[in-house]
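J.: Quick one, my_file-v8.pdb (PDB, C-alpha atoms, pLDDT in the B column):
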ATOM      1  CA  MET A   1     111.480  90.786  83.723  1.00 80.00           C
ATOM      2  CA  GLN A   2     108.946  93.035  85.436  1.00 91.00           C
ATOM      3  CA  THR A   3     105.950  94.423  83.602  1.00 96.00           C
ATOM      4  CA  ILE A   4     104.171  96.094  86.527  1.00 97.00           C
ATOM      5  CA  ASP A   5     106.016  99.061  88.073  1.00 97.00           C
ATOM      6  CA  LEU A   6     106.062  98.498  91.841  1.00 96.00           C
ATOM      7  CA  ASP A   7     106.808 102.188  92.421  1.00 96.00           C
ATOM      8  CA  ILE A   8     103.573 103.178  90.671  1.00 97.00           C
ATOM      9  CA  LEU A   9     101.798 100.384  92.546  1.00 97.00           C
ATOM     10  CA  ARG A  10     103.129 101.962  95.776  1.00 97.00           C
ATOM     11  CA  LEU A  11     103.795  98.667  97.476  1.00 96.00           C
ATOM     12  CA  GLU A  12     104.698  99.261 101.125  1.00 94.00           C
ATOM     13  CA  ASP A  13     106.020  97.276 104.081  1.00 92.00           C
ATOM     14  CA  GLY A  14     103.253  95.265 105.719  1.00 92.00           C
ATOM     15  CA  HIS A  15     101.120  95.057 102.585  1.00 95.00           C
ATOM     16  CA  GLN A  16      99.527  91.878 101.338  1.00 96.00           C
ATOM     17  CA  ILE A  17      99.878  91.573  97.588  1.00 98.00           C
ATOM     18  CA  LEU A  18      98.398  89.000  95.212  1.00 98.00           C
ATOM     19  CA  ASP A  19     100.142  88.101  91.965  1.00 98.00           C
ATOM     20  CA  LEU A  20      97.159  86.646  90.126  1.00 98.00           C
ATOM     21  CA  GLY A  21      98.314  84.323  87.370  1.00 97.00           C
ATOM     22  CA  CYS A  22     101.846  84.413  88.705  1.00 96.00           C
ATOM     23  CA  GLY A  23     103.323  82.125  86.049  1.00 94.00           C
ATOM     24  CA  ARG A  24     106.941  81.467  86.985  1.00 94.00           C
ATOM     25  CA  GLY A  25     106.826  84.113  89.674  1.00 95.00           C
ATOM     26  CA  ARG A  26     108.536  87.179  88.258  1.00 95.00           C
ATOM     27  CA  HIS A  27     106.260  89.614  90.089  1.00 97.00           C
ATOM     28  CA  THR A  28     105.804  87.380  93.145  1.00 96.00           C
ATOM     29  CA  HIS A  29     109.575  87.339  93.588  1.00 94.00           C
ATOM     30  CA  ALA A  30     109.955  91.041  92.794  1.00 94.00           C
ATOM     31  CA  ALA A  31     107.344  92.093  95.364  1.00 95.00           C
ATOM     32  CA  TYR A  32     108.874  89.864  98.051  1.00 92.00           C
ATOM     33  CA  PHE A  33     112.304  91.475  97.734  1.00 90.00           C
ATOM     34  CA  TYR A  34     111.014  94.996  97.081  1.00 92.00           C
ATOM     35  CA  ARG A  35     109.304  95.456 100.456  1.00 91.00           C
ATOM     36  CA  ARG A  36     108.787  93.532 103.689  1.00 90.00           C
ATOM     37  CA  CYS A  37     105.388  92.392 102.548  1.00 93.00           C
ATOM     38  CA  HIS A  38     103.309  89.217 102.244  1.00 94.00           C
ATOM     39  CA  SER A  39     103.624  88.190  98.602  1.00 95.00           C
ATOM     40  CA  VAL A  40     101.058  85.646  97.402  1.00 97.00           C
ATOM     41  CA  GLY A  41     101.429  83.940  94.038  1.00 97.00           C
ATOM     42  CA  LEU A  42      98.503  82.052  92.482  1.00 98.00           C
ATOM     43  CA  ASP A  43      98.338  80.281  89.143  1.00 97.00           C
ATOM     44  CA  LEU A  44      96.139  77.720  87.440  1.00 95.00           C
ATOM     45  CA  GLY A  45      99.165  75.571  86.553  1.00 94.00           C
ATOM     46  CA  LEU A  46     100.886  73.500  89.219  1.00 96.00           C
ATOM     47  CA  GLU A  47     104.128  73.360  87.248  1.00 95.00           C
ATOM     48  CA  ASP A  48     104.384  77.162  87.201  1.00 95.00           C
ATOM     49  CA  VAL A  49     103.669  77.373  90.923  1.00 96.00           C
ATOM     50  CA  LEU A  50     106.418  74.829  91.619  1.00 96.00           C
ATOM     51  CA  THR A  51     108.809  76.838  89.440  1.00 95.00           C
ATOM     52  CA  THR A  52     107.954  79.950  91.446  1.00 95.00           C
ATOM     53  CA  GLN A  53     108.631  78.066  94.671  1.00 94.00           C
ATOM     54  CA  GLN A  54     111.990  76.853  93.373  1.00 93.00           C
ATOM     55  CA  GLY A  55     112.896  80.443  92.564  1.00 91.00           C
ATOM     56  CA  PHE A  56     112.525  81.247  96.250  1.00 89.00           C
ATOM     57  CA  LEU A  57     114.328  78.135  97.452  1.00 88.00           C
ATOM     58  CA  ASP A  58     117.291  78.825  95.170  1.00 87.00           C
ATOM     59  CA  HIS A  59     117.734  82.371  96.461  1.00 78.00           C
ATOM     60  CA  PRO A  60     120.558  82.737  99.014  1.00 67.00           C
ATOM     61  CA  ASP A  61     119.039  85.806 100.707  1.00 68.00           C
ATOM     62  CA  LEU A  62     115.687  84.254 101.613  1.00 70.00           C
ATOM     63  CA  GLU A  63     114.571  85.348 105.094  1.00 67.00           C
ATOM     64  CA  PRO A  64     112.825  83.108 107.642  1.00 60.00           C
ATOM     65  CA  GLN A  65     109.063  83.591 107.453  1.00 61.00           C
ATOM     66  CA  THR A  66     108.277  84.831 110.936  1.00 58.00           C
ATOM     67  CA  GLY A  67     105.982  87.476 112.387  1.00 59.00           C
ATOM     68  CA  HIS A  68     105.430  90.507 110.194  1.00 63.00           C
ATOM     69  CA  ALA A  69     108.656  90.071 108.227  1.00 71.00           C
ATOM     70  CA  ARG A  70     108.452  89.533 104.501  1.00 83.00           C
ATOM     71  CA  ARG A  71     106.883  86.232 103.601  1.00 89.00           C
ATOM     72  CA  TYR A  72     105.370  84.427 100.659  1.00 92.00           C
ATOM     73  CA  ASP A  73     102.654  81.893  99.947  1.00 94.00           C
ATOM     74  CA  LEU A  74     102.033  80.022  96.701  1.00 97.00           C
ATOM     75  CA  MET A  75      98.981  78.126  95.544  1.00 96.00           C
ATOM     76  CA  VAL A  76      97.104  76.699  92.600  1.00 97.00           C
ATOM     77  CA  GLY A  77      93.797  78.439  91.959  1.00 96.00           C
ATOM     78  CA  ASP A  78      91.285  79.724  89.427  1.00 96.00           C
ATOM     79  CA  ALA A  79      90.958  83.446  88.665  1.00 97.00           C
ATOM     80  CA  LEU A  80      87.182  82.983  88.431  1.00 97.00           C
ATOM     81  CA  SER A  81      86.912  81.624  91.969  1.00 97.00           C
ATOM     82  CA  LEU A  82      89.709  82.976  94.131  1.00 97.00           C
ATOM     83  CA  PRO A  83      90.221  81.197  97.475  1.00 96.00           C
ATOM     84  CA  PHE A  84      90.350  84.420  99.498  1.00 97.00           C
ATOM     85  CA  ALA A  85      87.945  86.401 101.641  1.00 97.00           C
ATOM     86  CA  ASP A  86      86.552  89.718 100.457  1.00 97.00           C
ATOM     87  CA  ASN A  87      88.918  92.696 100.826  1.00 97.00           C
ATOM     88  CA  SER A  88      92.023  90.565 101.419  1.00 97.00           C
ATOM     89  CA  PHE A  89      94.761  92.400  99.505  1.00 98.00           C
ATOM     90  CA  ASP A  90      96.263  95.881  99.659  1.00 98.00           C
ATOM     91  CA  ARG A  91      97.787  95.456  96.209  1.00 98.00           C
ATOM     92  CA  LEU A  92      97.055  93.140  93.303  1.00 98.00           C
ATOM     93  CA  ILE A  93      98.951  92.344  90.112  1.00 98.00           C
ATOM     94  CA  CYS A  94      97.356  90.648  87.104  1.00 98.00           C
ATOM     95  CA  SER A  95      99.983  90.624  84.363  1.00 97.00           C
ATOM     96  CA  GLU A  96      99.441  89.011  80.949  1.00 97.00           C
ATOM     97  CA  VAL A  97      96.534  86.905  82.222  1.00 97.00           C
ATOM     98  CA  LEU A  98      93.202  88.354  81.083  1.00 97.00           C
ATOM     99  CA  GLU A  99      93.888  87.638  77.405  1.00 97.00           C
ATOM    100  CA  HIS A 100      93.826  83.913  78.277  1.00 96.00           C
ATOM    101  CA  ILE A 101      90.446  83.917  80.051  1.00 96.00           C
ATOM    102  CA  PRO A 102      87.195  83.647  78.034  1.00 95.00           C
ATOM    103  CA  ASP A 103      85.168  85.065  80.953  1.00 96.00           C
ATOM    104  CA  TYR A 104      87.563  87.871  81.781  1.00 96.00           C
ATOM    105  CA  ALA A 105      84.704  89.941  83.252  1.00 96.00           C
ATOM    106  CA  GLY A 106      84.335  87.204  85.874  1.00 97.00           C
ATOM    107  CA  ALA A 107      88.027  87.537  86.671  1.00 97.00           C
ATOM    108  CA  LEU A 108      87.648  91.319  87.018  1.00 98.00           C
ATOM    109  CA  ALA A 109      84.761  90.785  89.437  1.00 98.00           C
ATOM    110  CA  GLU A 110      86.989  88.537  91.572  1.00 98.00           C
ATOM    111  CA  ILE A 111      89.794  91.116  91.447  1.00 98.00           C
ATOM    112  CA  TRP A 112      87.360  93.730  92.733  1.00 98.00           C
ATOM    113  CA  ARG A 113      86.123  91.398  95.472  1.00 98.00           C
ATOM    114  CA  VAL A 114      89.509  90.519  96.969  1.00 98.00           C
ATOM    115  CA  THR A 115      91.065  94.007  96.721  1.00 98.00           C
ATOM    116  CA  LYS A 116      90.748  96.091  99.881  1.00 98.00           C
ATOM    117  CA  PRO A 117      89.029  99.481  99.770  1.00 97.00           C
ATOM    118  CA  GLY A 118      91.855 101.954  99.258  1.00 97.00           C
ATOM    119  CA  GLY A 119      93.868  99.259  97.476  1.00 98.00           C
ATOM    120  CA  ARG A 120      95.649  99.546  94.156  1.00 98.00           C
ATOM    121  CA  ILE A 121      95.915  97.148  91.210  1.00 98.00           C
ATOM    122  CA  GLY A 122      98.213  96.827  88.204  1.00 98.00           C
ATOM    123  CA  ILE A 123      96.802  95.139  85.099  1.00 98.00           C
ATOM    124  CA  SER A 124      98.743  94.343  81.940  1.00 98.00           C
ATOM    125  CA  VAL A 125      97.685  92.784  78.636  1.00 98.00           C
ATOM    126  CA  PRO A 126      99.371  92.545  75.232  1.00 97.00           C
ATOM    127  CA  HIS A 127      99.385  95.901  73.437  1.00 98.00           C
ATOM    128  CA  ARG A 128      96.894  95.802  70.595  1.00 97.00           C
ATOM    129  CA  TRP A 129      98.782  96.481  67.358  1.00 97.00           C
ATOM    130  CA  PRO A 130     101.963  94.492  68.139  1.00 97.00           C
ATOM    131  CA  GLU A 131      99.674  91.631  69.159  1.00 97.00           C
ATOM    132  CA  GLN A 132      97.687  91.913  65.926  1.00 97.00           C
ATOM    133  CA  ILE A 133     100.887  91.474  63.929  1.00 97.00           C
ATOM    134  CA  CYS A 134     101.681  88.289  65.869  1.00 97.00           C
ATOM    135  CA  TRP A 135      98.188  86.943  65.149  1.00 97.00           C
ATOM    136  CA  MET A 136      98.507  87.760  61.446  1.00 97.00           C
ATOM    137  CA  LEU A 137     101.905  86.081  61.154  1.00 97.00           C
ATOM    138  CA  SER A 138     101.167  82.885  63.060  1.00 96.00           C
ATOM    139  CA  ARG A 139      98.044  81.096  64.206  1.00 95.00           C
ATOM    140  CA  ALA A 140     100.288  78.857  66.317  1.00 94.00           C
ATOM    141  CA  TYR A 141     101.175  81.927  68.422  1.00 94.00           C
ATOM    142  CA  TYR A 142      97.722  82.163  69.959  1.00 93.00           C
ATOM    143  CA  ASP A 143      95.609  79.159  68.942  1.00 92.00           C
ATOM    144  CA  VAL A 144      96.924  76.643  71.482  1.00 92.00           C
ATOM    145  CA  PRO A 145      95.421  75.176  74.679  1.00 90.00           C
ATOM    146  CA  GLY A 146      95.443  77.985  77.228  1.00 90.00           C
ATOM    147  CA  GLY A 147      96.510  80.497  74.579  1.00 93.00           C
ATOM    148  CA  HIS A 148      95.307  84.005  73.832  1.00 95.00           C
ATOM    149  CA  VAL A 149      91.574  84.231  73.178  1.00 96.00           C
ATOM    150  CA  ARG A 150      91.265  87.973  72.475  1.00 96.00           C
ATOM    151  CA  ILE A 151      93.082  91.169  71.605  1.00 97.00           C
ATOM    152  CA  PHE A 152      92.094  94.009  73.908  1.00 97.00           C
ATOM    153  CA  LYS A 153      91.294  97.542  72.894  1.00 96.00           C
ATOM    154  CA  ARG A 154      92.701  99.866  75.547  1.00 96.00           C
ATOM    155  CA  HIS A 155      89.616 102.030  75.989  1.00 97.00           C
ATOM    156  CA  GLU A 156      87.322  99.003  76.225  1.00 96.00           C
ATOM    157  CA  LEU A 157      89.441  97.283  78.873  1.00 97.00           C
ATOM    158  CA  ARG A 158      89.647 100.512  80.867  1.00 97.00           C
ATOM    159  CA  ARG A 159      85.868 100.898  80.608  1.00 97.00           C
ATOM    160  CA  ASP A 160      85.274  97.350  81.852  1.00 98.00           C
ATOM    161  CA  ILE A 161      87.620  97.777  84.829  1.00 98.00           C
ATOM    162  CA  GLU A 162      86.094 101.129  85.740  1.00 98.00           C
ATOM    163  CA  ALA A 163      82.633  99.531  85.493  1.00 97.00           C
ATOM    164  CA  MET A 164      83.616  97.328  88.440  1.00 97.00           C
ATOM    165  CA  GLY A 165      84.112 100.476  90.514  1.00 97.00           C
ATOM    166  CA  PHE A 166      87.856 101.037  90.140  1.00 98.00           C
ATOM    167  CA  THR A 167      89.286 104.517  89.540  1.00 98.00           C
ATOM    168  CA  TYR A 168      91.756 104.857  86.671  1.00 98.00           C
ATOM    169  CA  LEU A 169      95.190 106.272  87.548  1.00 98.00           C
ATOM    170  CA  THR A 170      97.653 105.998  84.686  1.00 98.00           C
ATOM    171  CA  ARG A 171      99.044 103.732  81.987  1.00 97.00           C
ATOM    172  CA  HIS A 172     102.267 103.025  80.125  1.00 97.00           C
ATOM    173  CA  LEU A 173     103.715 100.693  77.506  1.00 98.00           C
ATOM    174  CA  THR A 174     106.712  98.461  78.186  1.00 97.00           C
ATOM    175  CA  HIS A 175     108.912  95.746  76.641  1.00 96.00           C
ATOM    176  CA  GLY A 176     109.262  97.565  73.330  1.00 96.00           C
ATOM    177  CA  LEU A 177     112.312  95.506  72.372  1.00 96.00           C
ATOM    178  CA  HIS A 178     110.290  92.323  72.804  1.00 97.00           C
ATOM    179  CA  SER A 179     107.773  93.043  70.038  1.00 97.00           C
ATOM    180  CA  PRO A 180     110.217  92.465  67.131  1.00 97.00           C
ATOM    181  CA  TYR A 181     111.401  89.274  68.824  1.00 97.00           C
ATOM    182  CA  TRP A 182     107.882  87.854  68.785  1.00 97.00           C
ATOM    183  CA  TRP A 183     107.276  89.031  65.223  1.00 97.00           C
ATOM    184  CA  LEU A 184     110.450  87.182  64.246  1.00 97.00           C
ATOM    185  CA  LYS A 185     109.369  84.023  66.055  1.00 96.00           C
ATOM    186  CA  CYS A 186     105.906  84.167  64.493  1.00 97.00           C
ATOM    187  CA  ALA A 187     107.366  84.655  61.019  1.00 96.00           C
ATOM    188  CA  ILE A 188     109.926  81.850  61.364  1.00 95.00           C
ATOM    189  CA  GLY A 189     107.874  79.478  63.510  1.00 94.00           C
ATOM    190  CA  VAL A 190     107.052  79.899  67.180  1.00 93.00           C
ATOM    191  CA  GLU A 191     108.612  76.531  68.090  1.00 92.00           C
ATOM    192  CA  ARG A 192     111.906  77.168  66.275  1.00 92.00           C
ATOM    193  CA  ASN A 193     113.759  78.449  69.324  1.00 91.00           C
ATOM    194  CA  GLU A 194     117.174  77.308  68.067  1.00 93.00           C
ATOM    195  CA  GLN A 195     116.974  79.183  64.774  1.00 93.00           C
ATOM    196  CA  PHE A 196     120.033  81.478  64.474  1.00 94.00           C
ATOM    197  CA  LEU A 197     118.251  84.855  64.420  1.00 94.00           C
ATOM    198  CA  VAL A 198     115.896  83.823  67.232  1.00 95.00           C
ATOM    199  CA  ARG A 199     118.818  82.694  69.409  1.00 95.00           C
ATOM    200  CA  LYS A 200     120.732  85.917  68.817  1.00 95.00           C
ATOM    201  CA  TYR A 201     117.728  88.126  69.561  1.00 95.00           C
ATOM    202  CA  ARG A 202     116.859  86.087  72.666  1.00 95.00           C
ATOM    203  CA  ARG A 203     120.405  86.604  73.897  1.00 95.00           C
ATOM    204  CA  LEU A 204     119.962  90.363  73.451  1.00 94.00           C
ATOM    205  CA  LEU A 205     116.792  90.276  75.558  1.00 94.00           C
ATOM    206  CA  GLU A 206     118.540  88.198  78.223  1.00 93.00           C
ATOM    207  CA  ILE A 207     121.244  90.862  78.436  1.00 94.00           C
ATOM    208  CA  GLU A 208     118.541  93.531  78.776  1.00 91.00           C
ATOM    209  CA  ILE A 209     116.828  91.637  81.586  1.00 89.00           C
ATOM    210  CA  LEU A 210     119.937  90.586  83.512  1.00 88.00           C
ATOM    211  CA  SER A 211     122.277  93.573  83.178  1.00 90.00           C
ATOM    212  CA  ASN A 212     120.382  96.235  81.201  1.00 89.00           C
ATOM    213  CA  PRO A 213     123.376  98.205  79.833  1.00 92.00           C
ATOM    214  CA  MET A 214     123.005 101.867  78.934  1.00 93.00           C
ATOM    215  CA  ALA A 215     122.651 101.237  75.194  1.00 93.00           C
ATOM    216  CA  LEU A 216     119.710  98.884  75.701  1.00 92.00           C
ATOM    217  CA  ARG A 217     118.122 101.219  78.250  1.00 92.00           C
ATOM    218  CA  LEU A 218     118.186 103.984  75.658  1.00 95.00           C
ATOM    219  CA  LEU A 219     116.758 101.702  72.977  1.00 94.00           C
ATOM    220  CA  SER A 220     113.987 100.630  75.357  1.00 94.00           C
ATOM    221  CA  LYS A 221     113.076 104.243  76.129  1.00 94.00           C
ATOM    222  CA  ILE A 222     112.637 104.836  72.414  1.00 96.00           C
ATOM    223  CA  ALA A 223     110.865 101.549  71.675  1.00 96.00           C
ATOM    224  CA  ASP A 224     108.529 101.286  74.663  1.00 96.00           C
ATOM    225  CA  PRO A 225     106.120 104.145  73.827  1.00 96.00           C
ATOM    226  CA  VAL A 226     106.136 103.241  70.132  1.00 94.00           C
ATOM    227  CA  MET A 227     105.821  99.455  70.079  1.00 96.00           C
ATOM    228  CA  GLY A 228     105.658  98.250  73.660  1.00 97.00           C
ATOM    229  CA  LYS A 229     104.601  94.600  73.803  1.00 97.00           C
ATOM    230  CA  SER A 230     102.589  95.164  76.995  1.00 98.00           C
ATOM    231  CA  LEU A 231      99.972  97.741  77.918  1.00 98.00           C
ATOM    232  CA  VAL A 232      99.976  98.401  81.670  1.00 98.00           C
ATOM    233  CA  MET A 233      97.207 100.230  83.526  1.00 98.00           C
ATOM    234  CA  TYR A 234      96.813 101.097  87.210  1.00 98.00           C
ATOM    235  CA  PHE A 235      93.621 101.596  89.180  1.00 98.00           C
ATOM    236  CA  ASP A 236      92.572 102.348  92.760  1.00 98.00           C
ATOM    237  CA  LYS A 237      89.655 100.817  94.610  1.00 98.00           C
ATOM    238  CA  PRO A 238      88.038 103.783  96.365  1.00 97.00           C
ATOM    239  CA  ALA A 239      88.111 103.769 100.148  1.00 94.00           C
ATOM    240  CA  GLY A 240      84.817 103.228 101.908  1.00 80.00           C
ATOM    241  CA  VAL A 241      83.230 100.939  99.296  1.00 78.00           C
TER     242      VAL A 241
END
Can the structure from this file be put into structure tokens for me?

T.:
Amino acid sequence: MQTIDLDILRLEDGHQILDLGCGRGRHTHAAYFYRRCHSVGLDLGLEDVLTTQQGFLDHPDLEPQTGHARRYDLMVGDALSLPFADNSFDRLICSEVLEHIPDYAGALAEIWRVTKPGGRIGISVPHRWPEQICWMLSRAYYDVPGGHVRIFKRHELRRDIEAMGFTYLTRHLTHGLHSPYWWLKCAIGVERNEQFLVRKYRRLLEIEILSNPMALRLLSKIADPVMGKSLVMYFDKPAGV
């Protein structure tokens, strides 16, 4: 399940791209197979990094990592102190991460530091009003170790990213069919994954992710701009800075 649109990100062959807060590697994997690039996944949790690695090892079409062919690197690291030199990455993804970080301004400063002049970033956070419903329905949804610590207002997040020096490009909402799923889980109990309605809805989302039939594509096109679970914004770092 991709949240960041790699076409809008304009990822090209030869680029170095950082998936900051890679989780289980959905964007790290997607970037690796999308272009012949160097895809770097970093997360605070070792278990997630190992899951990302296994996703590569289990793939039958993995290429040898030689020369300037596509390659990947994975590591454990902190968004507030990234282990990279200034101006390291042509592209950067930070998807569903900033809502977990108390000092998210510090993370934005690190994103600015490691992005090359002329580079492009894709940032996503939970969309405000669907997220507010989740918070109202269940404290267990967000009040857990490493959970969500804030709900972003779009204009404020854009302002804070632009204050770093980035230039705003565009935005969109996505995963509209996922919002009702999370409302259902919050209403029933976020840990009750085997409840009948939750299982049936999860199966629907699995079909959307794995095969995406026409009917679900049409439903997503209707749902995304209305109740998209994720707000995605794209910015450029001006050349010559």

J.: Taking only C-alpha atoms into account, produce a table as a Markdown table in which each residue of range 11-115 of chain A with an atom at most 10 Å from an atom of range 120-125 of chain A appears once, together with its shortest atom pair and the distance in Å to one decimal, ordered by chain and rising number.

T.:
| residue | atom | partner | partner_atom | distance |
| --- | --- | --- | --- | --- |
| A:Leu11 | CA | A:Arg120 | CA | 8.8 |
| A:Ile17 | CA | A:Ile121 | CA | 9.4 |
| A:Leu18 | CA | A:Ile121 | CA | 9.4 |
| A:Asp19 | CA | A:Gly122 | CA | 9.7 |
| A:Leu20 | CA | A:Ile123 | CA | 9.9 |
| A:Phe89 | CA | A:Arg120 | CA | 9.0 |
| A:Asp90 | CA | A:Arg120 | CA | 6.6 |
| A:Arg91 | CA | A:Arg120 | CA | 5.1 |
| A:Leu92 | CA | A:Ile121 | CA | 4.7 |
| A:Ile93 | CA | A:Gly122 | CA | 4.9 |
| A:Cys94 | CA | A:Ile123 | CA | 4.9 |
| A:Ser95 | CA | A:Ser124 | CA | 4.6 |
| A:Glu96 | CA | A:Val125 | CA | 4.8 |
| A:Val97 | CA | A:Val125 | CA | 7.0 |
| A:Leu98 | CA | A:Val125 | CA | 6.8 |
| A:Glu99 | CA | A:Val125 | CA | 6.5 |
| A:His100 | CA | A:Val125 | CA | 9.7 |
| A:Ile111 | CA | A:Ile121 | CA | 8.6 |
| A:Trp112 | CA | A:Ile121 | CA | 9.3 |
| A:Thr115 | CA | A:Arg120 | CA | 7.6 |

J.: Could you tell me which of A:His148, A:His127, A:His29, A:Arg217 comes closest to Gln54 in chain A if we count only C-alpha atoms?

T.: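 With only C-alpha atoms as the atom set, the closest residue is A:His29.
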
J.: Please identify all polymer residues within 10 Å of Lys229 in chain A, counting all atoms listed in the file, omitting same-chain residues fewer than 2 positions from it, and present them as an mmCIF file with C-alpha atoms, in the frame of the given file.

T.:
data_model
loop_
_atom_site.group_PDB
_atom_site.id
_atom_site.type_symbol
_atom_site.label_atom_id
_atom_site.label_comp_id
_atom_site.auth_asym_id
_atom_site.auth_seq_id
_atom_site.Cartn_x
_atom_site.Cartn_y
_atom_site.Cartn_z
ATOM 1 C CA THR A 3 105.950 94.423 83.602
ATOM 2 C CA VAL A 125 97.685 92.784 78.636
ATOM 3 C CA PRO A 126 99.371 92.545 75.232
ATOM 4 C CA HIS A 127 99.385 95.901 73.437
ATOM 5 C CA ARG A 128 96.894 95.802 70.595
ATOM 6 C CA TRP A 129 98.782 96.481 67.358
ATOM 7 C CA PRO A 130 101.963 94.492 68.139
ATOM 8 C CA GLU A 131 99.674 91.631 69.159
ATOM 9 C CA LEU A 173 103.715 100.693 77.506
ATOM 10 C CA THR A 174 106.712 98.461 78.186
ATOM 11 C CA HIS A 175 108.912 95.746 76.641
ATOM 12 C CA GLY A 176 109.262 97.565 73.330
ATOM 13 C CA LEU A 177 112.312 95.506 72.372
ATOM 14 C CA HIS A 178 110.290 92.323 72.804
ATOM 15 C CA SER A 179 107.773 93.043 70.038
ATOM 16 C CA PRO A 180 110.217 92.465 67.131
ATOM 17 C CA TYR A 181 111.401 89.274 68.824
ATOM 18 C CA TRP A 182 107.882 87.854 68.785
ATOM 19 C CA ALA A 223 110.865 101.549 71.675
ATOM 20 C CA ASP A 224 108.529 101.286 74.663
ATOM 21 C CA PRO A 225 106.120 104.145 73.827
ATOM 22 C CA VAL A 226 106.136 103.241 70.132
ATOM 23 C CA MET A 227 105.821 99.455 70.079
ATOM 24 C CA LEU A 231 99.972 97.741 77.918
ATOM 25 C CA VAL A 232 99.976 98.401 81.670
#

J.: Expand the PyMOL selection byres ((chain A and resi 108) around 9) into the explicit residue set it covers here, and present it as a PDB file with C-alpha atoms, keeping the file's coordinate frame.

T.:
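Writing the result to selection17.pdb gives the following:
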ATOM      1  CA  ALA A  79      90.958  83.446  88.665  1.00 97.00           C
ATOM      2  CA  LEU A  80      87.182  82.983  88.431  1.00 97.00           C
ATOM      3  CA  LEU A  98      93.202  88.354  81.083  1.00 97.00           C
ATOM      4  CA  TYR A 104      87.563  87.871  81.781  1.00 96.00           C
ATOM      5  CA  ALA A 105      84.704  89.941  83.252  1.00 96.00           C
ATOM      6  CA  GLY A 106      84.335  87.204  85.874  1.00 97.00           C
ATOM      7  CA  ALA A 107      88.027  87.537  86.671  1.00 97.00           C
ATOM      8  CA  ALA A 109      84.761  90.785  89.437  1.00 98.00           C
ATOM      9  CA  GLU A 110      86.989  88.537  91.572  1.00 98.00           C
ATOM     10  CA  ILE A 111      89.794  91.116  91.447  1.00 98.00           C
ATOM     11  CA  TRP A 112      87.360  93.730  92.733  1.00 98.00           C
ATOM     12  CA  ARG A 113      86.123  91.398  95.472  1.00 98.00           C
ATOM     13  CA  ASP A 160      85.274  97.350  81.852  1.00 98.00           C
ATOM     14  CA  ILE A 161      87.620  97.777  84.829  1.00 98.00           C
ATOM     15  CA  MET A 164      83.616  97.328  88.440  1.00 97.00           C
TER      16      MET A 164
END

J.: Could you list, as a count of residues only, every residue within 9 Å of Arg158 in chain A, counting all atoms listed in the file and ignoring same-chain residues fewer than 5 positions away?

T.: 4

J.: The PyMOL selection byres ((chain A and resi 12) around 12) on the file shown: which residues, as an MDAnalysis selection string?

T.: chainID A and resid 6:11 13:17 31:39 70 90:91 119:120

J.: Nearest residue to Leu169 in chain A out of A:Phe196, A:Asp143, A:Glu208, A:Asp236, using all atoms listed in the file?

T.: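 With all atoms listed in the file as the atom set, the closest residue is A:Asp236.
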
J.: Which is closer to Ile207 in chain A than all the others in A:Val241, A:Met1, A:Met136, A:Thr170, using all atoms listed in the file?

T.: A:Met1

J.: Just so the selection is clear, what residues does the PyMOL selection byres ((chain A and resi 197) around 12) cover here, as a list in words?

T.: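 After applying the PyMOL selection byres ((chain A and resi 197) around 12), what remains is Pro180, Tyr181, Trp182, Trp183, Leu184, Lys185, Ala187, Ile188, Gly189, Arg192, Asn193, Glu194, Gln195, Phe196, Val198, Arg199, Lys200, Tyr201, Arg202, Arg203 and Leu204 of chain A.
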
J.: From the options A:Val190, A:Ala239, A:Leu216, A:Cys134, which residue's atoms come nearest to Gly165 in chain A, counting only C-alpha atoms?

T.: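 Result for the nearest residue to Gly165 in chain A: A:Ala239.
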
J.: Determine, counting all atoms listed in the file, every residue of protein, DNA or RNA that lies within 7 Å of (98.0, 77.3, 92.3) in the file coordinates, then give the result as an MDAnalysis selection string.

T.: chainID A and resid 42:46 49 74:77

J.: Just how far from CA of Arg159 in chain A is CA of Pro145 in chain A, in Å to one decimal?

T.: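 Separating CA of Pro145 in chain A from CA of Arg159 in chain A is a distance of 28.1 Å.
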
J.: Identify the residues within 8 Å of coordinate (110.2, 84.8, 93.4) (same frame as the file), considering all atoms listed in the file, and give the answer as a count of residues only.

T.: 12

J.: How many Å separate CA of Pro102 in chain A from CA of Trp135 in chain A?

T.: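 Interatomic distance, CA of Pro102 in chain A to CA of Trp135 in chain A: 17.3 Å.
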
J.: Could you work out how far CA of Gln2 in chain A lies from CA of Asn212 in chain A, giving the answer in Å with one decimal?

T.: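 Pair CA of Asn212 in chain A / CA of Gln2 in chain A returns 12.6 Å.
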
J.: I'd like to know which of A:Ser220, A:Asn87, A:Gly228, A:Val114 is closest to Arg171 in chain A, using all atoms listed in the file.

T.: A:Gly228

J.: Mind giving me the axis-aligned box for range 130-135 of chain A with 6 Å on every side, centre plus edges in Å to one decimal, as lines of an AutoDock Vina configuration file?

T.:
center_x = 99.8
center_y = 90.7
center_z = 66.5
size_x = 16.3
size_y = 19.5
size_z = 17.2
